[in-house]
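Working notes for the structure below.
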Amino acid sequence: MIDAIYFDGQSSRRQPVTVVMHKRVVAMRGDGIKLSHRLSRLRVSERLDHAPRILYLPDGSRLHISDRRVDKLLAANGYREPRVVRWQRNWILSLLALVSVLALLLSGYQWGLPWAADKAARHLPASLEQQIGEGQLKLIDSQFMSPSKLDPVVQARLQRLFSQMKQPRGEKTPYRLEFRHSHIGPNAFALPNGVIIMTDELVNLAESDEAVLGVLGHELGHLQHRHSVRRLFQALGVGVLVNLWIGDVSSVLTSVPVLLLDQKYSRDFERESDQYAIDMMQTNGLPLTPMAVLFDKMGKSAAPDDGEHRHDGKRAERRRGREEDDEAAEEEAEPLEYFSSHPSDAERIARLLAADRSRK
């Protein structure tokens, strides 16, 4: 026999009662109270260290029992804690569950999201891609760029040379090459509607047509692999995962992991497009060293960063003193690469030069 508090479910009135459990029957007695129920018909709350055990009766009333002997009484009458509760109290199983959840989240981030984003991008209506791209182009022209001042002869030559190039695996990726005078320095980027923007500043910085063609091949790789819409879907997926893990993706704090995780995808896309440019240049028998030289020059330039699609390497390296030893600066900047949407200049240049050497 143990003491308990009875609530009738109709009011907040506390009524002291005594409880007896015998042969899987729970009986309670108090002032004007005489009830009994089979234990199997009651819902029993989870055992907590600093809270009473609550027995929910079929009629909506309940018993609050603070006496710790209730656990033994319940067990003696055949009550077993739910499996989940037993797992929670087993630290080995709890640790395994935590590891499993982490493994599931990491697997989804590493393989699941890219796969799902690729599938979704392939089924995205072309009309919607056109609409997204046209909207981006209007924004760019209204705020960041103006009509090209490049010699029309140069524009026509680059248009012709690039149109004559074969894509690596015989693809026929549709595109439209446009030139713009930029307020953000040397740059090139591809929009979801197939438009490739090449800035006058990048053409003027390049020492040869081969360097420009290599950059255009890189941008065509973005179009071929549908990186713009894939990145959009993956960013949405990252937001969902972070929301599940942290709980509120709308806050400033939780936007940081979303940004960092999305940057990893962006770097993967850049490497994929770099490889596409390498394959395309090699397919057409063109050298990659001019493209590497252009990347090096852009990395050393002081052009403002556009924050989205740049070929100028890590901003952190430019902010360091120009007189620092290059090797030391690169070593210091390596931890910051995770914050960048592009691989480091050193990595990209080394890859291009290695590809050229492999052809000799």
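Residue numbering restarts at 1 in every chain; chains get A, B, ... in the order shown in the structure tokens, and ligands count up from 1 in that same order.
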
Checklist line | Residue contacts of stretch 29-36 of chain A (12 Å, only C-alpha atoms) excluding same-chain residues fewer than 3 positions away, as a PyMOL selection string | finding: chain A and resi 1-8+14-26+39-42+57-59+61-63

As a PDB file with C-alpha atoms, in the first residue's frame, please: all residues of stretch 131-211 of chain A that backbone DSSP puts in helix (DSSP H, G or I).
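Generated file (result_6.pdb):
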ATOM      1  CA  GLN A 131      12.564  31.972 -65.911  1.00  0.00           C
ATOM      2  CA  ILE A 132      15.158  31.712 -63.128  1.00  0.00           C
ATOM      3  CA  GLY A 133      18.011  32.539 -65.496  1.00  0.00           C
ATOM      4  CA  GLU A 134      16.259  35.507 -67.079  1.00  0.00           C
ATOM      5  CA  GLY A 135      15.498  36.904 -63.658  1.00  0.00           C
ATOM      6  CA  GLN A 136      19.144  36.583 -62.634  1.00  0.00           C
ATOM      7  CA  LEU A 137      20.305  38.197 -65.870  1.00  0.00           C
ATOM      8  CA  LYS A 138      18.022  41.198 -65.350  1.00  0.00           C
ATOM      9  CA  LEU A 139      19.331  41.633 -61.810  1.00  0.00           C
ATOM     10  CA  ILE A 140      22.955  41.408 -62.970  1.00  0.00           C
ATOM     11  CA  ASP A 141      22.439  43.922 -65.773  1.00  0.00           C
ATOM     12  CA  SER A 142      20.623  46.364 -63.508  1.00  0.00           C
ATOM     13  CA  GLN A 143      23.097  46.335 -60.625  1.00  0.00           C
ATOM     14  CA  PRO A 152      33.201  43.600 -81.640  1.00  0.00           C
ATOM     15  CA  VAL A 153      35.911  41.912 -83.694  1.00  0.00           C
ATOM     16  CA  VAL A 154      37.329  40.292 -80.548  1.00  0.00           C
ATOM     17  CA  GLN A 155      33.854  39.259 -79.434  1.00  0.00           C
ATOM     18  CA  ALA A 156      33.119  37.684 -82.804  1.00  0.00           C
ATOM     19  CA  ARG A 157      36.454  35.855 -82.817  1.00  0.00           C
ATOM     20  CA  LEU A 158      35.893  34.342 -79.374  1.00  0.00           C
ATOM     21  CA  GLN A 159      32.302  33.429 -80.276  1.00  0.00           C
ATOM     22  CA  ARG A 160      33.536  31.661 -83.412  1.00  0.00           C
ATOM     23  CA  LEU A 161      36.435  29.851 -81.737  1.00  0.00           C
ATOM     24  CA  PHE A 162      34.304  28.562 -78.892  1.00  0.00           C
ATOM     25  CA  SER A 163      31.487  27.456 -81.193  1.00  0.00           C
ATOM     26  CA  GLN A 164      34.002  25.400 -83.191  1.00  0.00           C
ATOM     27  CA  ASP A 200      35.520  42.496 -70.710  1.00  0.00           C
ATOM     28  CA  GLU A 201      37.946  42.634 -67.802  1.00  0.00           C
ATOM     29  CA  LEU A 202      38.607  38.902 -67.939  1.00  0.00           C
ATOM     30  CA  VAL A 203      39.227  38.964 -71.698  1.00  0.00           C
ATOM     31  CA  ASN A 204      41.622  41.898 -71.309  1.00  0.00           C
ATOM     32  CA  LEU A 205      43.469  40.163 -68.468  1.00  0.00           C
ATOM     33  CA  ASP A 209      42.453  33.156 -76.608  1.00  0.00           C
ATOM     34  CA  GLU A 210      43.246  29.703 -75.174  1.00  0.00           C
ATOM     35  CA  ALA A 211      42.948  31.057 -71.632  1.00  0.00           C
TER      36      ALA A 211
END

Notebook entry, point to check: What is the atom CA of A:Ser148 to atom CA of A:Phe179 distance in Å?
Noted result: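 For atom CA of A:Ser148 relative to atom CA of A:Phe179, the distance reads 5.5 Å.
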
Considering only C-alpha atoms, give me a table of residues in stretch 125-186 of chain A that are at most 8 Å from stretch 276-289 of chain A, with the closest atom pair and distance in Å for each, as JSON lines.
{"residue": "A:Met165", "atom": "CA", "partner": "A:Asn284", "partner_atom": "CA", "distance": 6.4}
{"residue": "A:Lys166", "atom": "CA", "partner": "A:Asn284", "partner_atom": "CA", "distance": 6.5}
{"residue": "A:Gln167", "atom": "CA", "partner": "A:Met280", "partner_atom": "CA", "distance": 5.5}
{"residue": "A:Pro168", "atom": "CA", "partner": "A:Met280", "partner_atom": "CA", "distance": 4.8}
